[in-house]
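Student: My structure is in my_file.cif, and what it holds is mmCIF, N, CA and C atoms:
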data_model
loop_
_atom_site.label_atom_id
_atom_site.label_comp_id
_atom_site.auth_asym_id
_atom_site.auth_seq_id
_atom_site.Cartn_x
_atom_site.Cartn_y
_atom_site.Cartn_z
N MET A 83 -9.82 1.09 -0.25
CA MET A 83 -9.01 1.51 0.87
C MET A 83 -8.91 3.03 0.87
N THR A 84 -8.48 3.58 1.98
CA THR A 84 -8.31 5.02 2.08
C THR A 84 -6.94 5.33 2.67
N MET A 85 -6.15 6.10 1.95
CA MET A 85 -4.85 6.54 2.47
C MET A 85 -5.11 7.69 3.42
N THR A 86 -4.62 7.57 4.66
CA THR A 86 -4.84 8.62 5.66
C THR A 86 -3.52 9.02 6.31
N GLY A 87 -3.57 10.11 7.05
CA GLY A 87 -2.39 10.57 7.78
C GLY A 87 -1.31 11.09 6.86
N ASP A 88 -0.16 11.40 7.44
CA ASP A 88 0.94 11.91 6.64
C ASP A 88 2.20 11.07 6.85
N ARG A 89 2.02 9.79 7.10
CA ARG A 89 3.17 8.92 7.39
C ARG A 89 4.13 8.80 6.22
N PHE A 90 3.71 9.10 5.02
CA PHE A 90 4.60 9.02 3.86
C PHE A 90 5.11 10.40 3.46
N GLY A 91 4.94 11.39 4.32
CA GLY A 91 5.42 12.73 4.03
C GLY A 91 4.55 13.50 3.06
N VAL A 92 3.34 13.02 2.84
CA VAL A 92 2.39 13.68 1.94
C VAL A 92 1.04 13.72 2.63
N THR A 93 0.17 14.62 2.19
CA THR A 93 -1.17 14.72 2.76
C THR A 93 -2.18 14.25 1.72
N PRO A 94 -2.78 13.07 1.92
CA PRO A 94 -3.75 12.56 0.95
C PRO A 94 -5.07 13.32 1.03
N ASN A 95 -5.89 13.15 -0.01
CA ASN A 95 -7.16 13.86 -0.07
C ASN A 95 -8.24 13.25 0.82
N GLY A 96 -8.01 12.06 1.40
CA GLY A 96 -8.96 11.45 2.31
C GLY A 96 -10.10 10.70 1.63
N ARG A 97 -10.10 10.71 0.30
CA ARG A 97 -11.16 9.99 -0.42
C ARG A 97 -10.82 8.51 -0.53
N ARG A 98 -11.84 7.70 -0.65
CA ARG A 98 -11.67 6.26 -0.81
C ARG A 98 -11.08 5.96 -2.19
N ALA A 99 -10.11 5.07 -2.22
CA ALA A 99 -9.50 4.62 -3.47
C ALA A 99 -9.98 3.20 -3.74
N GLU A 100 -10.30 2.94 -4.99
CA GLU A 100 -10.73 1.59 -5.36
C GLU A 100 -9.74 1.01 -6.35
N LEU A 101 -9.09 -0.08 -5.96
CA LEU A 101 -8.13 -0.75 -6.82
C LEU A 101 -8.02 -2.21 -6.39
N PRO A 102 -7.61 -3.07 -7.33
CA PRO A 102 -7.45 -4.47 -6.97
C PRO A 102 -6.30 -4.67 -5.99
N VAL A 103 -6.50 -5.60 -5.09
CA VAL A 103 -5.48 -5.95 -4.10
C VAL A 103 -5.37 -7.46 -4.06
N PHE A 104 -4.15 -7.96 -4.00
CA PHE A 104 -3.91 -9.39 -3.84
C PHE A 104 -3.24 -9.58 -2.50
N ILE A 105 -3.77 -10.46 -1.67
CA ILE A 105 -3.19 -10.74 -0.36
C ILE A 105 -2.80 -12.21 -0.32
N ARG A 106 -1.53 -12.45 0.00
CA ARG A 106 -1.04 -13.82 0.14
C ARG A 106 -0.76 -14.10 1.61
N PHE A 107 -1.30 -15.18 2.09
CA PHE A 107 -1.08 -15.57 3.48
C PHE A 107 -0.14 -16.77 3.54
N GLY A 108 0.75 -16.74 4.51
CA GLY A 108 1.61 -17.89 4.79
C GLY A 108 1.12 -18.52 6.09
N PHE A 109 1.04 -19.84 6.10
CA PHE A 109 0.52 -20.54 7.27
C PHE A 109 1.58 -21.40 7.92
N GLU A 110 1.46 -21.52 9.23
CA GLU A 110 2.33 -22.39 10.00
C GLU A 110 1.49 -22.97 11.13
N ASP A 111 1.45 -24.27 11.21
CA ASP A 111 0.61 -24.95 12.21
C ASP A 111 -0.85 -24.51 12.13
N ASP A 112 -1.36 -24.38 10.92
CA ASP A 112 -2.75 -23.99 10.66
C ASP A 112 -3.10 -22.58 11.14
N LEU A 113 -2.09 -21.75 11.37
CA LEU A 113 -2.31 -20.35 11.76
C LEU A 113 -1.64 -19.44 10.75
N ILE A 114 -2.18 -18.24 10.58
CA ILE A 114 -1.55 -17.28 9.68
C ILE A 114 -0.23 -16.83 10.31
N ALA A 115 0.86 -17.07 9.62
CA ALA A 115 2.19 -16.71 10.12
C ALA A 115 2.75 -15.49 9.39
N ALA A 116 2.21 -15.18 8.21
CA ALA A 116 2.69 -14.03 7.44
C ALA A 116 1.60 -13.59 6.48
N GLU A 117 1.62 -12.31 6.13
CA GLU A 117 0.71 -11.80 5.11
C GLU A 117 1.44 -10.80 4.24
N TYR A 118 1.18 -10.87 2.95
CA TYR A 118 1.83 -10.02 1.97
C TYR A 118 0.75 -9.34 1.15
N PHE A 119 0.79 -8.00 1.07
CA PHE A 119 -0.20 -7.23 0.34
C PHE A 119 0.44 -6.72 -0.95
N PHE A 120 -0.21 -6.96 -2.06
CA PHE A 120 0.27 -6.50 -3.36
C PHE A 120 -0.80 -5.59 -3.97
N PHE A 121 -0.40 -4.37 -4.34
CA PHE A 121 -1.32 -3.44 -4.99
C PHE A 121 -0.51 -2.44 -5.80
N ASP A 122 -1.19 -1.70 -6.64
CA ASP A 122 -0.55 -0.72 -7.51
C ASP A 122 -0.38 0.59 -6.73
N LEU A 123 0.83 0.83 -6.26
CA LEU A 123 1.11 2.03 -5.47
C LEU A 123 0.82 3.30 -6.26
N SER A 124 1.17 3.31 -7.53
CA SER A 124 0.92 4.51 -8.35
C SER A 124 -0.57 4.82 -8.44
N GLU A 125 -1.38 3.79 -8.58
CA GLU A 125 -2.84 4.00 -8.66
C GLU A 125 -3.39 4.49 -7.33
N LEU A 126 -2.92 3.93 -6.23
CA LEU A 126 -3.36 4.40 -4.92
C LEU A 126 -2.99 5.87 -4.73
N CYS A 127 -1.76 6.24 -5.10
CA CYS A 127 -1.33 7.63 -4.97
C CYS A 127 -2.16 8.55 -5.87
N ALA A 128 -2.40 8.13 -7.11
CA ALA A 128 -3.18 8.95 -8.04
C ALA A 128 -4.58 9.21 -7.49
N GLN A 129 -5.23 8.18 -6.99
CA GLN A 129 -6.59 8.36 -6.47
C GLN A 129 -6.60 9.12 -5.14
N SER A 130 -5.46 9.12 -4.44
CA SER A 130 -5.37 9.82 -3.15
C SER A 130 -4.84 11.24 -3.30
N GLY A 131 -4.49 11.62 -4.54
CA GLY A 131 -4.05 12.99 -4.79
C GLY A 131 -2.65 13.31 -4.28
N VAL A 132 -1.77 12.31 -4.24
CA VAL A 132 -0.41 12.55 -3.75
C VAL A 132 0.62 12.12 -4.81
N SER A 133 1.83 12.57 -4.64
CA SER A 133 2.91 12.27 -5.57
C SER A 133 3.44 10.85 -5.34
N THR A 134 3.40 10.03 -6.36
CA THR A 134 3.97 8.69 -6.26
C THR A 134 5.47 8.77 -5.98
N ASP A 135 6.16 9.70 -6.61
CA ASP A 135 7.60 9.85 -6.39
C ASP A 135 7.92 10.17 -4.93
N ALA A 136 7.12 11.05 -4.31
CA ALA A 136 7.36 11.41 -2.91
C ALA A 136 7.16 10.20 -2.00
N VAL A 137 6.12 9.42 -2.24
CA VAL A 137 5.85 8.24 -1.42
C VAL A 137 6.93 7.19 -1.63
N ARG A 138 7.35 6.99 -2.88
CA ARG A 138 8.41 6.01 -3.16
C ARG A 138 9.71 6.40 -2.47
N ARG A 139 10.03 7.69 -2.40
CA ARG A 139 11.25 8.13 -1.71
C ARG A 139 11.20 7.75 -0.23
N VAL A 140 10.03 7.92 0.39
CA VAL A 140 9.90 7.58 1.81
C VAL A 140 9.98 6.07 2.01
N LEU A 141 9.31 5.32 1.16
CA LEU A 141 9.26 3.86 1.31
C LEU A 141 10.57 3.18 0.93
N PHE A 142 11.19 3.63 -0.16
CA PHE A 142 12.33 2.89 -0.73
C PHE A 142 13.63 3.69 -0.77
N GLY A 143 13.61 4.94 -0.32
CA GLY A 143 14.81 5.78 -0.35
C GLY A 143 15.03 6.39 -1.72
N SER A 144 15.94 7.31 -1.78
CA SER A 144 16.25 7.99 -3.06
C SER A 144 16.96 7.03 -3.99
N PRO A 145 16.67 7.14 -5.29
CA PRO A 145 17.36 6.26 -6.24
C PRO A 145 18.84 6.58 -6.33
N GLY A 146 19.67 5.49 -6.51
CA GLY A 146 21.11 5.47 -6.67
C GLY A 146 21.78 6.74 -6.72
#
Now, as a test, write the supplied structure out as structure tokens.

Tutor:
Amino acid sequence: MTMTGDRFGVTPNGRRAELPVFIRFGFEDDLIAAEYFFFDLSELCAQSGVSTDAVRRVLFGSPG
């Protein structure tokens, strides 16, 4: 995958990141009703040249 844009308040390096991803689909009436993506955010940030802490603040807010 490639992290692009500045939606997380950081500017990624634009290079492709390679990491394992697990996708879980939920079905209803034989159609995909939900999808959940699981991946290592820290690894994506490291390969994209951005601060994991900065991205976590945008996604999850400042800690307590």

Student: Would you mind listing what lies within 8 Å of stretch 88-92 of chain A as a ChimeraX atom specification, with only N, CA and C atoms counted and same-chain residues fewer than 6 positions away left out?

Tutor: /A:131-133,136-141

Student: Please produce an output containing N, CA and C atoms for each residue in the selection, written as a PDB file, in the coordinates of the input.

Tutor:
ATOM      1  N   GLY A 131      -4.490  11.620  -4.540  1.00  0.00           N
ATOM      2  CA  GLY A 131      -4.050  12.990  -4.790  1.00  0.00           C
ATOM      3  C   GLY A 131      -2.650  13.310  -4.280  1.00  0.00           C
ATOM      4  N   VAL A 132      -1.770  12.310  -4.240  1.00  0.00           N
ATOM      5  CA  VAL A 132      -0.410  12.550  -3.750  1.00  0.00           C
ATOM      6  C   VAL A 132       0.620  12.120  -4.810  1.00  0.00           C
ATOM      7  N   SER A 133       1.830  12.570  -4.640  1.00  0.00           N
ATOM      8  CA  SER A 133       2.910  12.270  -5.570  1.00  0.00           C
ATOM      9  C   SER A 133       3.440  10.850  -5.340  1.00  0.00           C
ATOM     10  N   ALA A 136       7.120  11.050  -4.310  1.00  0.00           N
ATOM     11  CA  ALA A 136       7.360  11.410  -2.910  1.00  0.00           C
ATOM     12  C   ALA A 136       7.160  10.200  -2.000  1.00  0.00           C
ATOM     13  N   VAL A 137       6.120   9.420  -2.240  1.00  0.00           N
ATOM     14  CA  VAL A 137       5.850   8.240  -1.420  1.00  0.00           C
ATOM     15  C   VAL A 137       6.930   7.190  -1.630  1.00  0.00           C
ATOM     16  N   ARG A 138       7.350   6.990  -2.880  1.00  0.00           N
ATOM     17  CA  ARG A 138       8.410   6.010  -3.160  1.00  0.00           C
ATOM     18  C   ARG A 138       9.710   6.400  -2.470  1.00  0.00           C
ATOM     19  N   ARG A 139      10.030   7.690  -2.400  1.00  0.00           N
ATOM     20  CA  ARG A 139      11.250   8.130  -1.710  1.00  0.00           C
ATOM     21  C   ARG A 139      11.200   7.750  -0.230  1.00  0.00           C
ATOM     22  N   VAL A 140      10.030   7.920   0.390  1.00  0.00           N
ATOM     23  CA  VAL A 140       9.900   7.580   1.810  1.00  0.00           C
ATOM     24  C   VAL A 140       9.980   6.070   2.010  1.00  0.00           C
ATOM     25  N   LEU A 141       9.310   5.320   1.160  1.00  0.00           N
ATOM     26  CA  LEU A 141       9.260   3.860   1.310  1.00  0.00           C
ATOM     27  C   LEU A 141      10.570   3.180   0.930  1.00  0.00           C
TER      28      LEU A 141
END

Student: Determine the residue membership of the PyMOL selection byres (((chain A and resi 129 and name CA) around 12) and name CA) for the file above and supply it as a list in words.

Tutor: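 After applying the PyMOL selection byres (((chain A and resi 129 and name CA) around 12) and name CA), what remains is Met83, Thr84, Met85, Pro94, Asn95, Gly96, Arg97, Arg98, Ala99, Glu100, Leu101, Asp122, Leu123, Ser124, Glu125, Leu126, Cys127, Ala128, Ser130, Gly131, Val132, Ser133 and Thr134 of chain A.
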
Student: Write out, as an mmCIF file, in the frame of the given file, the residues just selected, with N, CA and C atoms.

Tutor:
data_model
loop_
_atom_site.group_PDB
_atom_site.id
_atom_site.type_symbol
_atom_site.label_atom_id
_atom_site.label_comp_id
_atom_site.auth_asym_id
_atom_site.auth_seq_id
_atom_site.Cartn_x
_atom_site.Cartn_y
_atom_site.Cartn_z
ATOM 1 N N MET A 83 -9.820 1.090 -0.250
ATOM 2 C CA MET A 83 -9.010 1.510 0.870
ATOM 3 C C MET A 83 -8.910 3.030 0.870
ATOM 4 N N THR A 84 -8.480 3.580 1.980
ATOM 5 C CA THR A 84 -8.310 5.020 2.080
ATOM 6 C C THR A 84 -6.940 5.330 2.670
ATOM 7 N N MET A 85 -6.150 6.100 1.950
ATOM 8 C CA MET A 85 -4.850 6.540 2.470
ATOM 9 C C MET A 85 -5.110 7.690 3.420
ATOM 10 N N PRO A 94 -2.780 13.070 1.920
ATOM 11 C CA PRO A 94 -3.750 12.560 0.950
ATOM 12 C C PRO A 94 -5.070 13.320 1.030
ATOM 13 N N ASN A 95 -5.890 13.150 -0.010
ATOM 14 C CA ASN A 95 -7.160 13.860 -0.070
ATOM 15 C C ASN A 95 -8.240 13.250 0.820
ATOM 16 N N GLY A 96 -8.010 12.060 1.400
ATOM 17 C CA GLY A 96 -8.960 11.450 2.310
ATOM 18 C C GLY A 96 -10.100 10.700 1.630
ATOM 19 N N ARG A 97 -10.100 10.710 0.300
ATOM 20 C CA ARG A 97 -11.160 9.990 -0.420
ATOM 21 C C ARG A 97 -10.820 8.510 -0.530
ATOM 22 N N ARG A 98 -11.840 7.700 -0.650
ATOM 23 C CA ARG A 98 -11.670 6.260 -0.810
ATOM 24 C C ARG A 98 -11.080 5.960 -2.190
ATOM 25 N N ALA A 99 -10.110 5.070 -2.220
ATOM 26 C CA ALA A 99 -9.500 4.620 -3.470
ATOM 27 C C ALA A 99 -9.980 3.200 -3.740
ATOM 28 N N GLU A 100 -10.300 2.940 -4.990
ATOM 29 C CA GLU A 100 -10.730 1.590 -5.360
ATOM 30 C C GLU A 100 -9.740 1.010 -6.350
ATOM 31 N N LEU A 101 -9.090 -0.080 -5.960
ATOM 32 C CA LEU A 101 -8.130 -0.750 -6.820
ATOM 33 C C LEU A 101 -8.020 -2.210 -6.390
ATOM 34 N N ASP A 122 -1.190 -1.700 -6.640
ATOM 35 C CA ASP A 122 -0.550 -0.720 -7.510
ATOM 36 C C ASP A 122 -0.380 0.590 -6.730
ATOM 37 N N LEU A 123 0.830 0.830 -6.260
ATOM 38 C CA LEU A 123 1.110 2.030 -5.470
ATOM 39 C C LEU A 123 0.820 3.300 -6.260
ATOM 40 N N SER A 124 1.170 3.310 -7.530
ATOM 41 C CA SER A 124 0.920 4.510 -8.350
ATOM 42 C C SER A 124 -0.570 4.820 -8.440
ATOM 43 N N GLU A 125 -1.380 3.790 -8.580
ATOM 44 C CA GLU A 125 -2.840 4.000 -8.660
ATOM 45 C C GLU A 125 -3.390 4.490 -7.330
ATOM 46 N N LEU A 126 -2.920 3.930 -6.230
ATOM 47 C CA LEU A 126 -3.360 4.400 -4.920
ATOM 48 C C LEU A 126 -2.990 5.870 -4.730
ATOM 49 N N CYS A 127 -1.760 6.240 -5.100
ATOM 50 C CA CYS A 127 -1.330 7.630 -4.970
ATOM 51 C C CYS A 127 -2.160 8.550 -5.870
ATOM 52 N N ALA A 128 -2.400 8.130 -7.110
ATOM 53 C CA ALA A 128 -3.180 8.950 -8.040
ATOM 54 C C ALA A 128 -4.580 9.210 -7.490
ATOM 55 N N SER A 130 -5.460 9.120 -4.440
ATOM 56 C CA SER A 130 -5.370 9.820 -3.150
ATOM 57 C C SER A 130 -4.840 11.240 -3.300
ATOM 58 N N GLY A 131 -4.490 11.620 -4.540
ATOM 59 C CA GLY A 131 -4.050 12.990 -4.790
ATOM 60 C C GLY A 131 -2.650 13.310 -4.280
ATOM 61 N N VAL A 132 -1.770 12.310 -4.240
ATOM 62 C CA VAL A 132 -0.410 12.550 -3.750
ATOM 63 C C VAL A 132 0.620 12.120 -4.810
ATOM 64 N N SER A 133 1.830 12.570 -4.640
ATOM 65 C CA SER A 133 2.910 12.270 -5.570
ATOM 66 C C SER A 133 3.440 10.850 -5.340
ATOM 67 N N THR A 134 3.400 10.030 -6.360
ATOM 68 C CA THR A 134 3.970 8.690 -6.260
ATOM 69 C C THR A 134 5.470 8.770 -5.980
#

Student: Please identify which residues in chain A DSSP calls strand (DSSP E) from the backbone, and express them as an MDAnalysis selection string.

Tutor: chainID A and resid 103:110 113:121

Student: Please report the interatomic distance between atom C of A:Asp135 and atom N of A:Thr93 in Å with one decimal.

Tutor: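 Atom C of A:Asp135 sits 11.4 Å away from atom N of A:Thr93.
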
Student: Record the distance separating atom N of A:Thr86 and atom C of A:Phe120, expressed in Å with one decimal.

Tutor: 16.2 Å

Student: At what distance in Å, to one decimal, does atom C of A:Phe121 lie from atom CA of A:Gly143?

Tutor: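 Rounded to one decimal, the two atoms are 18.2 Å apart.
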
Student: Skip A:Gly108 itself and residues of its chain fewer than 3 positions away, then list as a list in words all residues within 6.5 Å of it, counting only N, CA and C atoms.

Tutor: Leu113, Ile114, Ala115, Ala116, Glu117 and Tyr118 of chain A

Student: Starting from the sparse input, extend stretch 135-146 of chain A to N, CA, C and O atoms and give the output as a JSON list (two decimals), in the frame of the given file.

Tutor:
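The result, stored in result13.json:
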[["chain", "number", "residue", "atom", "x", "y", "z"],
["A", 135, "ASP", "N", 6.16, 9.70, -6.61],
["A", 135, "ASP", "CA", 7.60, 9.85, -6.39],
["A", 135, "ASP", "C", 7.92, 10.17, -4.93],
["A", 135, "ASP", "O", 8.86, 9.61, -4.36],
["A", 136, "ALA", "N", 7.12, 11.05, -4.31],
["A", 136, "ALA", "CA", 7.36, 11.41, -2.91],
["A", 136, "ALA", "C", 7.16, 10.20, -2.00],
["A", 136, "ALA", "O", 7.95, 9.96, -1.09],
["A", 137, "VAL", "N", 6.12, 9.42, -2.24],
["A", 137, "VAL", "CA", 5.85, 8.24, -1.42],
["A", 137, "VAL", "C", 6.93, 7.19, -1.63],
["A", 137, "VAL", "O", 7.41, 6.58, -0.68],
["A", 138, "ARG", "N", 7.35, 6.99, -2.88],
["A", 138, "ARG", "CA", 8.41, 6.01, -3.16],
["A", 138, "ARG", "C", 9.71, 6.40, -2.47],
["A", 138, "ARG", "O", 10.42, 5.52, -1.97],
["A", 139, "ARG", "N", 10.03, 7.69, -2.40],
["A", 139, "ARG", "CA", 11.25, 8.13, -1.71],
["A", 139, "ARG", "C", 11.20, 7.75, -0.23],
["A", 139, "ARG", "O", 12.19, 7.30, 0.35],
["A", 140, "VAL", "N", 10.03, 7.92, 0.39],
["A", 140, "VAL", "CA", 9.90, 7.58, 1.81],
["A", 140, "VAL", "C", 9.98, 6.07, 2.01],
["A", 140, "VAL", "O", 10.66, 5.58, 2.91],
["A", 141, "LEU", "N", 9.31, 5.32, 1.16],
["A", 141, "LEU", "CA", 9.26, 3.86, 1.31],
["A", 141, "LEU", "C", 10.57, 3.18, 0.93],
["A", 141, "LEU", "O", 11.01, 2.25, 1.61],
["A", 142, "PHE", "N", 11.19, 3.63, -0.16],
["A", 142, "PHE", "CA", 12.33, 2.89, -0.73],
["A", 142, "PHE", "C", 13.63, 3.69, -0.77],
["A", 142, "PHE", "O", 14.64, 3.17, -1.23],
["A", 143, "GLY", "N", 13.61, 4.94, -0.32],
["A", 143, "GLY", "CA", 14.81, 5.78, -0.35],
["A", 143, "GLY", "C", 15.03, 6.39, -1.72],
["A", 143, "GLY", "O", 14.36, 6.06, -2.69],
["A", 144, "SER", "N", 15.94, 7.31, -1.78],
["A", 144, "SER", "CA", 16.25, 7.99, -3.06],
["A", 144, "SER", "C", 16.96, 7.03, -3.99],
["A", 144, "SER", "O", 17.79, 6.23, -3.55],
["A", 145, "PRO", "N", 16.67, 7.14, -5.29],
["A", 145, "PRO", "CA", 17.36, 6.26, -6.24],
["A", 145, "PRO", "C", 18.84, 6.58, -6.33],
["A", 145, "PRO", "O", 19.24, 7.74, -6.21],
["A", 146, "GLY", "N", 19.67, 5.49, -6.51],
["A", 146, "GLY", "CA", 21.11, 5.47, -6.67],
["A", 146, "GLY", "C", 21.78, 6.74, -6.72],
["A", 146, "GLY", "O", 22.79, 7.15, -6.75]]
